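Written below as structure tokens is the structure these notes are about.
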Amino acid sequence: MGLETNAWSEAAPVATGVDRLCIDTIRTLTMDAVERAKSGHPGMPMAMAPAAYLLYTRFMRHNPRDPRWPDRDRFVLSAGHGSMLLYSALHLSGYDLPLDELKRFRQWGSKTPGHPERDRVNETPGVETTTGPLGQGLAVAVGMALAERFLRERYGEEVMDHRVFGICSDGDLQEGLSHETASLAGHLGLGRVVFLYDDNAIQLDGPTSESFSEDVPSRFRAYGWHTLSVDDANDLEALSTAIAAGVAESARPTLIAVKSIIGWPAPNRQNTSKAHGAPLGEDEVRATKKLLGWDPDAEFVVPAEAYERFSQVERGAALQAEWQDRFDAWRAERRDLAEEWDAAWSDPARPMPGLADALPGFDPSEDGALATRAAGAKVMEAFAPFTPTMVGGAADLSESTKTEFPGEAVYTREAAGRNVKFGVREHAMGAAVNGMALHGGIVKPYGSTFLMFADYMRPAIRLSALMALPVVWVFTHDSVGLGEDGPTHQPVEHYAALRAIPGLTVIRPADANETADAWRVALEDVDGPVCLLLTRQNVPVLERGSVPVTGGVARGGYVVGEVREPDVILLATGSEVAVALEAQVLLSARGVDARVVSMPSWELFDAQDAAYRDEVLPPAIRARVAVEAGVAQGWSRYVGDTGRTVTIDRFGASAPGETVLTELGITPERVARAAAQAAGRQIELPATEGTPAFEATPPQAGHS
């Protein structure tokens with residue numbers, strides 16, 4: 001069994017003596033760091049210092065010497081602007097965050113950036129996630145709780161039994177994301193979440209009463225949360241009692257509304273918006289230190305008594321040692337699950353061996369035409385046994401996106417299944433998927449919806465790239481070819497918008513076989529986030545001759561239609577590869593030889609060495625045409641100034657997908673004309689253009 005839930009490190013402290021010394025040390029470190037940086041947010045850390053002190057010294061089970069211990073409690077500072085609260089607590093607890101790093105707050109290359117960041121360049125020990133965009137931290141914490149519960153039910157409490165604590169602000173709860181997140185967490189009864197709401201009634205523009213008047217605890221109770229209130233953040237006894245009650249609640253997530261005074265006890269700046277986002281000023285810092293009984297001229301002072309009381313090194317080591325004994329006994333008894341555990345907790349997390357060989361292949365003569373979303377469903381069914389801790393779902397669209405594990409349970413209040421029904425909550429889904437990845441133990445968590453709604457998820461997608469998280473974003477209905485739902489649902493600018501995010505790998509497979517390989521690449525090759533863009537409409541399974549698909553997707557671009565001496569190169573992605581191949585036939589009949597290159601992923605292609613890129617796109621062949629059912633933006637890097645694009649630089653229209661593509665010019669004939677012009681050749685084509693190279697998918701009831 002796991003540790004008893006009431007096994008605190010000591011009795012509840014009171015706001016006197018060494019306890020107050022520890023709390024005031026957080027306050028003075030915050031003032032000094034923000035003042036030295038001439039930038040930052042001192043008010044929240046000063047107000048919520050008692051909460052951080054209690055969480056890190058009494059309630060949380062963590063080991064500063066091993067910040068990646070799988071069964072540690074997690075802490076998420078959703079109000080990331082108050083980052084000095086977190087950095088001070090980590091330093092004082094004994095994490096590898098020296099005082100010199102606090103002195104370098106908000107400086108280039110420091111481990112104390114303006115908002116908490118988790119990246120692979122300047123990792124700050126003890127920081128669980130990047131926060132800053134308000135609301136994201138709260139939602140990420142819910143994702144962590146989703147992961148903890150799934151893993152606890154799969155492996156047992158003896159090895160997975162912890163909580164997610166956090167602090168959120170008025171700004172977090174004003175963001176729409178918080179509504180989606182709180183609703184989801186309450187619906188699923190995620191009782192391992194305990195959040196403290198810093199209710200200080202002040203935000204950057206002034207009093208919250210000018211823009212925010214709802215009863216927050218009542219709102220959260222309506223979502224199904226357990227709510228508590230503390231009238232004074234400095235009342236350690238009341239605060240401790242409330243946190244303990246939150247920990248004891250196992251059926252509902254807990255929100256504790258804590259009344260605080262921003263910037264307390266600064267004599268002139270407390271309880272004002274000026275304490276929110278700017279240094280207090282030298283005079284105010286001196287005056288505040290005098291009130292606290294500290295030397296006003298001393299900076300970055302940490303009394304020995306504060307280090308001694310705050311340190312969690314010894315306690316954390318003992319907690320992890322107890323867990324290690326339980327884990328070793330569990331491993332000896334459950335060797336089958338231990339193999340899964342090792343794969344899921346490796347860095348990066350990996351599928352079980354044999355996944356690639358289990359993926360299906362698709363034969364043009366047997367499978368004909370198949371939507372890549374439908375192919376994706378078959379691929380997911382095939383790899384499911386090799387990713388036993390892969391969890392994810394759709395935003396009320398799994399029937400349309402075809403993303404679920406057949407035969408597996410749904411994640412409910414009663415049991416944690418692999419298929420999560422996120423409901424129409426794209427914002428929350430994106431952040432929760434990130435949270436599952438950040439928690440660890442979940443192999444490539446995923447979220448899916450229509451590509452159009454990637455806009456709703458963009459903050460979470462961007463953060464997944466910033467943190468290099470091993471997640472998969474599955475977006476279907478990837479072009480105007482989806483048809484009748486019209487321009488509100490038809491993406492045109494979205495390929496370019498996603499490709500613009502650094503560190504995000506976007507893959508748009510051309511057919512069923514490329515879809516299988518794209519999933520393999522996402523699961524086995526790419527460490528960071530991957531977007532899969534899949535069609536609603538049927539597309540032909542391509543005839544490849546001697547050209548293998550395996551390995552082509554991994555290289556981002558490869559030749560699918562070769563000729564001996566190309567006059568022109570046709571580059572295409574997704575469903576437009578088939579259009580390019582039909583254009584190749586038209587051109588060949590008119591004496592123009594065209595090479596066709598499938599470019600499923602710009603990012604993967606750009607990562608290849610120059611020799612390979614030049615082999616696929618010989619620099620000497622400057623006649624090039626890019627074909628894609630989206631905006632032309634970005635294609636000039638491959639077709640050059642003399643190349644051409646057959647793209648869609650306008651919004652779509654409501655009509656059958658075949659009609660929309662034809663009317664907007666995504667046809668073999670238009671591609672052939674552009675290719676001939678690029679090659680400086682004159683050709684004649686029928687006046688009436690043919691239909692695009694795909695088999696129309698008939699409309700179905702609802703979102704098909």
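Residue numbering restarts at 1 for every chain of the structure tokens, chains are lettered A, B, ... in their displayed order, and ligands are numbered from 1 as they appear.
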Item to check | Long-range neighbours of Met429 of chain A as a VMD selection string, 12 Å cut-off, only C-alpha atoms, 2 positions minimum in chain | outcome: chain A and resid 136 139 to 143 146 177 to 178 180 to 185 391 to 396 420 to 427 431 to 436 445 to 449 453 to 454 456 to 461 473
Checklist entry - In segment 361-516 of chain A, what's alpha helix (DSSP H) per DSSP? Answer as a PyMOL selection string? => result chain A and resi 364-367+372-383+398-401+426-439+454-466+494-499+512-516
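With only C-alpha atoms taken into account, the protein and nucleic acid residues at most 8 Å from Glu117 of chain A (excluding it and anything under 5 positions from it in its own chain) are Glu123, Thr124, Val127, Thr129, Thr130, Thr131 and Met467 of chain A.
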Checklist entry - Which polymer residues have any atom within 12 Å of an atom of Gln608 of chain A, counting only C-alpha atoms, with same-chain residues fewer than 5 positions away left out, as a count of residues only? => result 14
Item to check | Near-Pro45 of chain A list (7 Å; only C-alpha atoms; drop same-chain fewer than 3 positions) as a PyMOL selection string | outcome: chain A and resi 27+30+42+48-49+82+84-85
Next on the checklist: Restricting the calculation to only C-alpha atoms: of A:Asp199, A:Asp297, A:Glu576, A:Asp649, which residue gets closest to Val671 of chain A?
Outcome noted: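 Checking each of A:Asp199, A:Asp297, A:Glu576, A:Asp649 against Val671 of chain A, counting only C-alpha atoms, the winner is A:Glu576.
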Item to check | All residues 9 Å or closer to Gly441 of chain A, only C-alpha atoms, same chain fewer than 2 positions away omitted, as a count of residues only | outcome: 18
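Nearest to Arg163 of chain A of all the residues A:Ile261, A:Ala375, A:Ile666, A:Val193 is A:Val193, based on only C-alpha atoms.
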Next on the checklist: I'd like the neighbourhood of Trp635 of chain A as JSON, numbers by chain, where a residue qualifies if any of its atoms comes within 12 Å (using only C-alpha atoms), though same-chain residues fewer than 3 positions away should be ignored.
Outcome noted: {"A": [495, 496, 499, 570, 571, 572, 573, 599, 602, 624, 625, 626, 627, 628, 630, 631, 632, 638, 639, 640, 641, 642, 643, 644, 645, 646, 647]}
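Among the candidates A:Met60, A:Leu134, A:Val541, A:Ile243, the one nearest to Gln312 of chain A when counting only C-alpha atoms is A:Met60.
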